[in-house]
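A.B. asks: This one is work.pdb, PDB, C-alpha atoms and all ligand atoms.
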MODEL        1
ATOM      1  CA  MET W   1      40.681   8.952 133.011
ATOM      2  CA  SER W   2      42.576  11.909 131.586
ATOM      3  CA  TYR W   3      45.173  13.750 133.636
ATOM      4  CA  ILE W   4      46.821  17.179 133.878
ATOM      5  CA  VAL W   5      50.539  17.805 134.278
ATOM      6  CA  ALA W   6      51.349  21.350 135.452
ATOM      7  CA  ILE W   7      54.887  22.732 135.158
ATOM      8  CA  ASP W   8      56.159  26.057 136.481
ATOM      9  CA  GLY W   9      59.625  27.528 136.570
ATOM     10  CA  PRO W  10      61.677  30.653 135.888
ATOM     11  CA  ALA W  11      62.755  31.994 132.479
ATOM     12  CA  GLY W  12      65.428  29.766 130.953
ATOM     13  CA  SER W  13      64.704  26.744 133.158
ATOM     14  CA  GLY W  14      63.944  24.676 130.061
ATOM     15  CA  LYS W  15      60.188  24.318 130.673
ATOM     16  CA  GLY W  16      59.305  25.026 127.045
ATOM     17  CA  THR W  17      61.685  22.466 125.548
ATOM     18  CA  LEU W  18      60.982  19.836 128.187
ATOM     19  CA  THR W  19      57.225  20.230 127.924
ATOM     20  CA  LYS W  20      57.456  19.592 124.176
ATOM     21  CA  VAL W  21      59.698  16.524 124.377
ATOM     22  CA  VAL W  22      57.738  14.957 127.233
ATOM     23  CA  ALA W  23      54.472  15.620 125.366
ATOM     24  CA  GLU W  24      55.911  13.931 122.274
ATOM     25  CA  GLU W  25      57.072  10.858 124.152
ATOM     26  CA  LEU W  26      53.884  10.364 126.192
ATOM     27  CA  GLY W  27      51.386  11.626 123.603
ATOM     28  CA  LEU W  28      50.175  14.568 125.706
ATOM     29  CA  VAL W  29      48.766  17.862 124.417
ATOM     30  CA  SER W  30      51.229  20.624 125.391
ATOM     31  CA  ILE W  31      50.109  24.154 126.222
ATOM     32  CA  ASP W  32      52.525  27.083 126.529
ATOM     33  CA  THR W  33      50.556  29.689 128.514
ATOM     34  CA  GLY W  34      53.118  32.463 127.941
ATOM     35  CA  MET W  35      51.725  32.638 124.389
ATOM     36  CA  LEU W  36      48.366  33.854 125.741
ATOM     37  CA  TYR W  37      49.970  36.725 127.681
ATOM     38  CA  ARG W  38      52.013  37.511 124.588
ATOM     39  CA  CYS W  39      48.866  37.737 122.389
ATOM     40  CA  HIS W  40      47.337  40.272 124.770
ATOM     41  CA  ALA W  41      50.626  42.249 124.844
ATOM     42  CA  LEU W  42      50.665  42.279 121.019
ATOM     43  CA  ALA W  43      47.145  43.753 121.036
ATOM     44  CA  VAL W  44      48.378  46.471 123.422
ATOM     45  CA  VAL W  45      51.257  47.288 121.019
ATOM     46  CA  ARG W  46      49.032  47.283 117.931
ATOM     47  CA  ASN W  47      46.477  49.582 119.533
ATOM     48  CA  ASN W  48      49.217  52.015 120.599
ATOM     49  CA  ILE W  49      48.131  51.764 124.229
ATOM     50  CA  ASP W  50      50.568  53.460 126.573
ATOM     51  CA  ILE W  51      52.202  51.022 128.998
ATOM     52  CA  ASN W  52      51.025  53.223 131.903
ATOM     53  CA  ASP W  53      47.418  53.266 130.670
ATOM     54  CA  LYS W  54      46.251  50.393 132.863
ATOM     55  CA  GLU W  55      42.576  51.044 132.193
ATOM     56  CA  ASN W  56      42.895  50.472 128.446
ATOM     57  CA  ILE W  57      45.343  47.580 128.875
ATOM     58  CA  ILE W  58      42.588  45.852 130.865
ATOM     59  CA  LYS W  59      39.756  47.001 128.572
ATOM     60  CA  ILE W  60      41.369  45.672 125.393
ATOM     61  CA  MET W  61      41.171  42.181 126.878
ATOM     62  CA  ASP W  62      37.360  42.289 126.364
ATOM     63  CA  GLU W  63      37.711  43.469 122.779
ATOM     64  CA  ILE W  64      40.050  40.790 121.475
ATOM     65  CA  GLU W  65      39.769  37.104 120.797
ATOM     66  CA  ILE W  66      42.744  34.940 121.666
ATOM     67  CA  ASN W  67      42.967  31.342 120.591
ATOM     68  CA  LEU W  68      45.594  28.613 120.821
ATOM     69  CA  VAL W  69      45.450  25.749 118.355
ATOM     70  CA  ASN W  70      47.482  22.614 118.962
ATOM     71  CA  GLU W  71      48.112  20.226 116.105
ATOM     72  CA  ASN W  72      50.669  17.452 116.528
ATOM     73  CA  ASN W  73      52.094  19.491 119.377
ATOM     74  CA  ILE W  74      52.794  22.495 117.198
ATOM     75  CA  GLN W  75      51.064  25.443 118.784
ATOM     76  CA  THR W  76      49.665  28.288 116.782
ATOM     77  CA  ALA W  77      48.434  31.512 118.397
ATOM     78  CA  PHE W  78      45.559  33.473 116.897
ATOM     79  CA  LEU W  79      44.624  37.063 117.700
ATOM     80  CA  ASN W  80      41.217  38.020 116.287
ATOM     81  CA  GLY W  81      41.547  35.148 113.815
ATOM     82  CA  GLU W  82      45.036  36.144 112.575
ATOM     83  CA  ASN W  83      47.957  33.752 113.020
ATOM     84  CA  VAL W  84      50.399  35.728 115.223
ATOM     85  CA  THR W  85      52.693  32.881 116.327
ATOM     86  CA  ASP W  86      55.837  34.685 115.087
ATOM     87  CA  LYS W  87      54.712  38.212 115.894
ATOM     88  CA  ILE W  88      54.273  37.497 119.606
ATOM     89  CA  ARG W  89      58.073  36.951 119.833
ATOM     90  CA  LEU W  90      58.919  40.434 118.534
ATOM     91  CA  PRO W  91      61.053  42.718 120.777
ATOM     92  CA  GLU W  92      58.128  45.180 121.224
ATOM     93  CA  VAL W  93      56.161  42.348 122.840
ATOM     94  CA  ASN W  94      59.150  41.073 124.859
ATOM     95  CA  ASN W  95      59.602  44.571 126.253
ATOM     96  CA  ILE W  96      56.118  44.898 127.726
ATOM     97  CA  VAL W  97      54.747  41.400 128.371
ATOM     98  CA  SER W  98      56.236  41.147 131.824
ATOM     99  CA  LEU W  99      54.405  44.345 132.809
ATOM    100  CA  THR W 100      51.099  43.631 131.068
ATOM    101  CA  SER W 101      51.015  40.116 132.533
ATOM    102  CA  SER W 102      51.425  41.437 136.065
ATOM    103  CA  ILE W 103      48.064  43.272 136.019
ATOM    104  CA  PRO W 104      45.629  41.209 138.165
ATOM    105  CA  GLU W 105      42.599  41.820 135.888
ATOM    106  CA  VAL W 106      44.591  40.599 132.863
ATOM    107  CA  ARG W 107      45.708  37.522 134.778
ATOM    108  CA  GLU W 108      42.168  36.705 135.830
ATOM    109  CA  LYS W 109      40.980  36.637 132.223
ATOM    110  CA  VAL W 110      43.978  34.658 130.966
ATOM    111  CA  THR W 111      43.560  32.196 133.858
ATOM    112  CA  ASN W 112      39.929  31.595 132.828
ATOM    113  CA  LEU W 113      41.057  31.050 129.245
ATOM    114  CA  GLU W 114      43.765  28.595 130.369
ATOM    115  CA  ARG W 115      41.212  26.613 132.373
ATOM    116  CA  ARG W 116      38.807  26.552 129.438
ATOM    117  CA  ILE W 117      41.527  25.344 127.038
ATOM    118  CA  GLY W 118      42.637  22.702 129.568
ATOM    119  CA  TYR W 119      39.130  21.383 130.275
ATOM    120  CA  ASP W 120      38.250  21.318 126.555
ATOM    121  CA  TRP W 121      41.174  18.953 125.921
ATOM    122  CA  LEU W 122      40.350  16.849 128.971
ATOM    123  CA  LYS W 123      36.751  16.518 127.782
ATOM    124  CA  GLU W 124      38.112  15.174 124.500
ATOM    125  CA  GLY W 125      39.856  12.489 126.516
ATOM    126  CA  LYS W 126      43.369  13.935 126.065
ATOM    127  CA  ASN W 127      46.038  14.171 128.739
ATOM    128  CA  ILE W 128      47.569  17.631 128.927
ATOM    129  CA  ILE W 129      50.827  19.238 129.996
ATOM    130  CA  MET W 130      50.561  22.975 130.671
ATOM    131  CA  GLU W 131      53.558  25.186 131.434
ATOM    132  CA  GLY W 132      53.859  28.698 132.827
ATOM    133  CA  ARG W 133      54.529  30.531 136.080
ATOM    134  CA  ASP W 134      51.342  29.948 138.099
ATOM    135  CA  ILE W 135      49.909  26.732 136.695
ATOM    136  CA  THR W 136      50.698  24.604 139.770
ATOM    137  CA  THR W 137      49.547  27.315 142.198
ATOM    138  CA  VAL W 138      46.623  29.220 140.600
ATOM    139  CA  VAL W 139      45.406  27.742 137.321
ATOM    140  CA  PHE W 140      45.383  24.021 138.147
ATOM    141  CA  PRO W 141      46.333  23.632 141.819
ATOM    142  CA  GLU W 142      44.467  20.313 141.678
ATOM    143  CA  ALA W 143      46.606  18.989 138.769
ATOM    144  CA  ASP W 144      47.451  15.289 138.986
ATOM    145  CA  VAL W 145      51.167  16.022 138.540
ATOM    146  CA  LYS W 146      52.893  19.252 139.622
ATOM    147  CA  ILE W 147      56.504  20.016 138.819
ATOM    148  CA  TYR W 148      58.720  23.011 139.561
ATOM    149  CA  LEU W 149      61.609  23.079 137.119
ATOM    150  CA  ASP W 150      64.577  25.184 138.198
ATOM    151  CA  ALA W 151      68.202  25.955 137.311
ATOM    152  CA  THR W 152      70.717  28.418 138.727
ATOM    153  CA  PRO W 153      70.664  31.935 137.191
ATOM    154  CA  ILE W 154      74.202  31.382 135.816
ATOM    155  CA  GLU W 155      73.190  28.150 134.077
ATOM    156  CA  ARG W 156      70.037  29.768 132.660
ATOM    157  CA  ALA W 157      72.058  32.732 131.391
ATOM    158  CA  LYS W 158      74.532  30.337 129.686
ATOM    159  CA  ARG W 159      71.622  28.558 127.950
ATOM    160  CA  ARG W 160      70.023  31.832 126.858
ATOM    161  CA  LEU W 161      73.368  33.071 125.484
ATOM    162  CA  ALA W 162      73.901  29.826 123.543
ATOM    163  CA  GLN W 163      70.346  29.997 122.155
ATOM    164  CA  ASP W 164      70.781  33.639 121.079
ATOM    165  CA  THR W 165      74.163  32.876 119.488
ATOM    166  CA  ARG W 166      72.531  30.053 117.487
ATOM    167  CA  ASN W 167      69.912  32.581 116.358
ATOM    168  CA  GLY W 168      72.611  35.031 115.276
ATOM    169  CA  ILE W 169      71.948  37.484 118.137
ATOM    170  CA  GLU W 170      75.136  38.848 119.699
ATOM    171  CA  GLU W 171      75.003  39.367 123.436
ATOM    172  CA  ASN W 172      77.231  39.637 126.410
ATOM    173  CA  PHE W 173      77.071  37.180 129.316
ATOM    174  CA  THR W 174      76.812  39.799 132.079
ATOM    175  CA  GLU W 175      73.911  41.540 130.352
ATOM    176  CA  VAL W 176      72.057  38.264 129.836
ATOM    177  CA  LEU W 177      72.599  37.303 133.480
ATOM    178  CA  GLU W 178      71.362  40.687 134.672
ATOM    179  CA  SER W 179      68.285  40.456 132.486
ATOM    180  CA  ILE W 180      67.498  36.915 133.772
ATOM    181  CA  MET W 181      67.828  38.118 137.366
ATOM    182  CA  ALA W 182      65.624  41.161 136.717
ATOM    183  CA  ARG W 183      62.945  38.919 135.194
ATOM    184  CA  ASP W 184      63.122  36.530 138.162
ATOM    185  CA  LYS W 185      62.571  39.430 140.523
ATOM    186  CA  ASN W 186      59.621  40.681 138.508
ATOM    187  CA  ASP W 187      58.067  37.206 138.088
ATOM    188  CA  MET W 188      58.481  36.322 141.767
ATOM    189  CA  ASN W 189      57.102  39.606 143.099
ATOM    190  CA  LYS W 190      53.895  39.912 141.093
ATOM    191  CA  LYS W 191      50.911  40.741 143.320
ATOM    192  CA  VAL W 192      48.876  37.988 141.664
ATOM    193  CA  GLY W 193      50.215  34.863 139.985
ATOM    194  CA  ALA W 194      53.775  35.257 141.239
ATOM    195  CA  LEU W 195      56.175  32.461 140.369
ATOM    196  CA  LYS W 196      56.517  30.272 143.445
ATOM    197  CA  ARG W 197      57.028  26.654 144.355
ATOM    198  CA  ALA W 198      53.805  24.898 145.312
ATOM    199  CA  PRO W 199      54.554  22.919 148.506
ATOM    200  CA  ASP W 200      53.404  19.698 146.820
ATOM    201  CA  ALA W 201      55.208  20.261 143.487
ATOM    202  CA  VAL W 202      58.114  17.938 142.712
ATOM    203  CA  TYR W 203      61.263  20.077 142.527
ATOM    204  CA  ILE W 204      63.698  19.335 139.699
ATOM    205  CA  ASP W 205      66.972  21.231 139.409
ATOM    206  CA  SER W 206      68.167  20.946 135.804
ATOM    207  CA  SER W 207      71.431  22.891 136.293
ATOM    208  CA  LYS W 208      73.711  19.865 135.939
ATOM    209  CA  LEU W 209      71.480  17.722 133.728
ATOM    210  CA  ASN W 210      71.041  17.477 129.975
ATOM    211  CA  ILE W 211      67.634  17.513 128.236
ATOM    212  CA  GLU W 212      67.437  13.715 128.073
ATOM    213  CA  GLN W 213      68.148  13.370 131.796
ATOM    214  CA  VAL W 214      65.522  15.970 132.772
ATOM    215  CA  LYS W 215      63.024  14.373 130.392
ATOM    216  CA  ARG W 216      63.568  10.995 132.107
ATOM    217  CA  LYS W 217      63.047  12.527 135.541
ATOM    218  CA  ILE W 218      59.813  14.248 134.491
ATOM    219  CA  ILE W 219      58.474  11.104 132.815
ATOM    220  CA  ASP W 220      59.293   9.062 135.949
ATOM    221  CA  VAL W 221      57.309  11.545 138.078
ATOM    222  CA  ILE W 222      54.344  11.483 135.655
ATOM    223  CA  GLU W 223      54.306   7.673 135.492
ATOM    224  CA  ARG W 224      54.516   7.370 139.274
ATOM    225  CA  LYS W 225      51.742   9.879 139.923
ATOM    226  CA  THR W 226      49.343   8.641 137.235
ATOM    227  CA  LYS W 227      49.818   4.874 137.504
ATOM    228  CA  ASP W 228      46.270   4.367 138.836
ATOM    229  CA  LYS W 229      44.629   6.628 136.228
TER     230      LYS W 229
HETATM  231  O1  LIG U 301      57.221  32.018 129.062
HETATM  232  P1  LIG U 301      57.195  33.328 128.252
HETATM  233  O2  LIG U 301      58.503  34.083 128.242
HETATM  234  O3  LIG U 301      56.665  33.145 126.867
HETATM  235  O4  LIG U 301      56.142  34.230 129.034
HETATM  236  C1  LIG U 301      55.816  35.526 128.616
HETATM  237  C2  LIG U 301      55.473  36.393 129.816
HETATM  238  O5  LIG U 301      54.247  35.972 130.408
HETATM  239  C3  LIG U 301      56.527  36.378 130.924
HETATM  240  O6  LIG U 301      56.822  37.724 131.276
HETATM  241  C4  LIG U 301      55.880  35.690 132.086
HETATM  242  C5  LIG U 301      54.422  35.774 131.792
HETATM  243  N1  LIG U 301      53.710  34.563 132.171
HETATM  244  C6  LIG U 301      53.005  34.593 133.347
HETATM  245  O7  LIG U 301      53.047  35.593 134.060
HETATM  246  N2  LIG U 301      52.268  33.504 133.725
HETATM  247  C7  LIG U 301      52.237  32.402 132.952
HETATM  248  N3  LIG U 301      51.483  31.352 133.321
HETATM  249  C8  LIG U 301      52.977  32.358 131.740
HETATM  250  C9  LIG U 301      53.719  33.462 131.381
ENDMDL
END
Could you rewrite the structure in this file as structure tokens?
C.D. replies:
Amino acid sequence: MSYIVAIDGPAGSGKGTLTKVVAEELGLVSIDTGMLYRCHALAVVRNNIDINDKENIIKIMDEIEINLVNENNIQTAFLNGENVTDKIRLPEVNNIVSLTSSIPEVREKVTNLERRIGYDWLKEGKNIIMEGRDITTVVFPEADVKIYLDATPIERAKRRLAQDTRNGIEENFTEVLESIMARDKNDMNKKVGALKRAPDAVYIDSSKLNIEQVKRKIIDVIERKTKDK
């Protein structure tokens, strides 16, 4: 029988990287749900919808087609048939996605899409690993494995700074830390789909661990919880 692994955690906790490496090692299909919210935000930008125009931000959701394709664990995002995988990382999208993704009507539609994508893979007999902010609590509360991946804000800011430096983006530590803390506040205080720890999620603090060590911990949890599957 196929199984679902759900992972939530704050920005910079390493969910994205860990989901990929665990998927590779165990042969799971990985799904980054932030990409779906980013596709919708890109449509808002492209249609010049004002960030305060909630009505049209919701309406555009019915006029667009979002699709995620996963091949060999490389995910490609499509908006109305166009490959927008790079475009959804643009600063104009970064600047609004936190706001657009906090609208309950937008979340409801994306949640339905996430469930459809998840069940489609399960029907094909694949095991899936889906990461986001509300996967363990709202999207798949019945997931076979639930993990909350965390790290201290200082550690997450250090990682973000190192990542940006590698990408040639110059930043200052205090600004990065402030931005991480502002995002935490926003993510944790959403009316619907707020980031929170499901009581039955396994808590992993990655602050003092390297990628390999966190990967081992996650794989141990998955193997323990799915041994009878
Ligand atoms: O993980 P990310 O930075 O690509 O996510 C983009 C935005 O979408 C971020 O502001 C949080 C939001 N998001 C969400 O609210 N729920 C999810 N399941 C995934 C992402």
A.B. asks: Separation of CA of Asp134 (chain W) and CA of Leu177 (chain W), in Å?
C.D. replies: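 So the two atoms, CA of Asp134 (chain W) and CA of Leu177 (chain W), lie 23.0 Å apart.
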A.B. asks: What does the PyMOL selection byres (((chain W and resi 222) around 10) and not hetatm) select in this file, as a list in words?
C.D. replies: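 Evaluating the PyMOL selection byres (((chain W and resi 222) around 10) and not hetatm) on this file yields Tyr3, Ile4, Val5, Val22, Leu26, Asp144, Val145, Lys146, Ile147, Arg216, Lys217, Ile218, Ile219, Asp220, Val221, Glu223, Arg224, Lys225, Thr226 and Lys227 of chain W.
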A.B. asks: As a ChimeraX atom specification, please: every protein or nucleic acid residue near ligand LIG 301 (chain U) (cut-off 7 Å, counting all atoms listed in the file).
C.D. replies: /W:11,33-35,37-38,97-98,101-102,131-135,187,193
A.B. asks: Which centre and edge lengths in Å to one decimal define the box along x, y and z that fits every listed atom of region 131-146 of chain W plus 5 Å per side, as JSON?
C.D. replies:
{"center_x": 49.5, "center_y": 22.9, "center_z": 136.8, "size_x": 20.1, "size_y": 25.2, "size_z": 20.8}
A.B. asks: In Å, with one decimal, what is the gap from CA of Gly9 (chain W) to CA of Asp150 (chain W)?
C.D. replies: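 About the pair CA of Gly9 (chain W) and CA of Asp150 (chain W): they are 5.7 Å apart.
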A.B. asks: Residues at most 7 Å from region 105-119 of chain W, counting only C-alpha atoms, excluding those fewer than 5 positions away in the same chain, as a list in words?
C.D. replies: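 So the residues in contact are Leu36, Ile58 and Val139 of chain W.
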A.B. asks: What does the PyMOL selection byres (((chain W and resi 184) around 12) and not hetatm) select in this file, as a short mmCIF file (atom, residue, chain, number, x, y, z; two decimals) with C-alpha atoms, in the frame of the given file?
C.D. replies:
data_model
loop_
_atom_site.label_atom_id
_atom_site.label_comp_id
_atom_site.auth_asym_id
_atom_site.auth_seq_id
_atom_site.Cartn_x
_atom_site.Cartn_y
_atom_site.Cartn_z
CA GLY W 9 59.62 27.53 136.57
CA PRO W 10 61.68 30.65 135.89
CA ALA W 11 62.76 31.99 132.48
CA GLY W 12 65.43 29.77 130.95
CA SER W 13 64.70 26.74 133.16
CA SER W 98 56.24 41.15 131.82
CA ARG W 133 54.53 30.53 136.08
CA ASP W 150 64.58 25.18 138.20
CA ALA W 151 68.20 25.96 137.31
CA THR W 152 70.72 28.42 138.73
CA PRO W 153 70.66 31.94 137.19
CA ARG W 156 70.04 29.77 132.66
CA ALA W 157 72.06 32.73 131.39
CA LEU W 177 72.60 37.30 133.48
CA GLU W 178 71.36 40.69 134.67
CA SER W 179 68.28 40.46 132.49
CA ILE W 180 67.50 36.92 133.77
CA MET W 181 67.83 38.12 137.37
CA ALA W 182 65.62 41.16 136.72
CA ARG W 183 62.94 38.92 135.19
CA LYS W 185 62.57 39.43 140.52
CA ASN W 186 59.62 40.68 138.51
CA ASP W 187 58.07 37.21 138.09
CA MET W 188 58.48 36.32 141.77
CA ASN W 189 57.10 39.61 143.10
CA LYS W 190 53.90 39.91 141.09
CA ALA W 194 53.78 35.26 141.24
CA LEU W 195 56.18 32.46 140.37
CA LYS W 196 56.52 30.27 143.44
#
A.B. asks: Which residues would end up in the selection if the PyMOL selection byres (((chain W and resi 128) around 7) and not hetatm) were applied here, given that I need the answer as JSON, numbers by chain?
C.D. replies: {"W": [3, 4, 5, 28, 29, 30, 126, 127, 129, 130]}
A.B. asks: If we count only C-alpha atoms, what is near Ala198 (chain W) at a cut-off of 8 Å, once residues fewer than 6 positions away on the same chain are taken out, given as a PyMOL selection string?
C.D. replies: chain W and resi 136-137+148
A.B. asks: Take the residues that were just selected and, keeping C-alpha atoms, output them as a CSV table (one decimal), in the coordinates of the input.
C.D. replies:
chain,number,residue,atom,x,y,z
W,136,THR,CA,50.7,24.6,139.8
W,137,THR,CA,49.5,27.3,142.2
W,148,TYR,CA,58.7,23.0,139.6
A.B. asks: What separation in Å, quoted to one decimal, exists between CA of Phe173 (chain W) and CA of Val45 (chain W)?
C.D. replies: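 These atoms are spaced 28.9 Å apart.
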A.B. asks: With only C-alpha atoms as the counted atoms, please give the residues lying no more than 7 Å from Phe78 (chain W), apart from itself and same-chain residues fewer than 2 positions off, as a ChimeraX atom specification.
C.D. replies: /W:66-68,76,80-84
A.B. asks: Give the answer as one residue: which of W:Ile7, W:Ile64, W:Cys39, W:Val192 has the shortest atom-to-atom distance to Pro104 (chain W), using all atoms listed in the file?
C.D. replies: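 Of all the options, W:Val192 lies closest to Pro104 (chain W).
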A.B. asks: Name the residues, using the chain letters and numbers of the file, that sit within 12 Å of (62.5, 24.4, 124.2) when counting all atoms listed in the file, and give them as a ChimeraX atom specification.
C.D. replies: /W:11-23,30,32,131,159-160,163,211,215
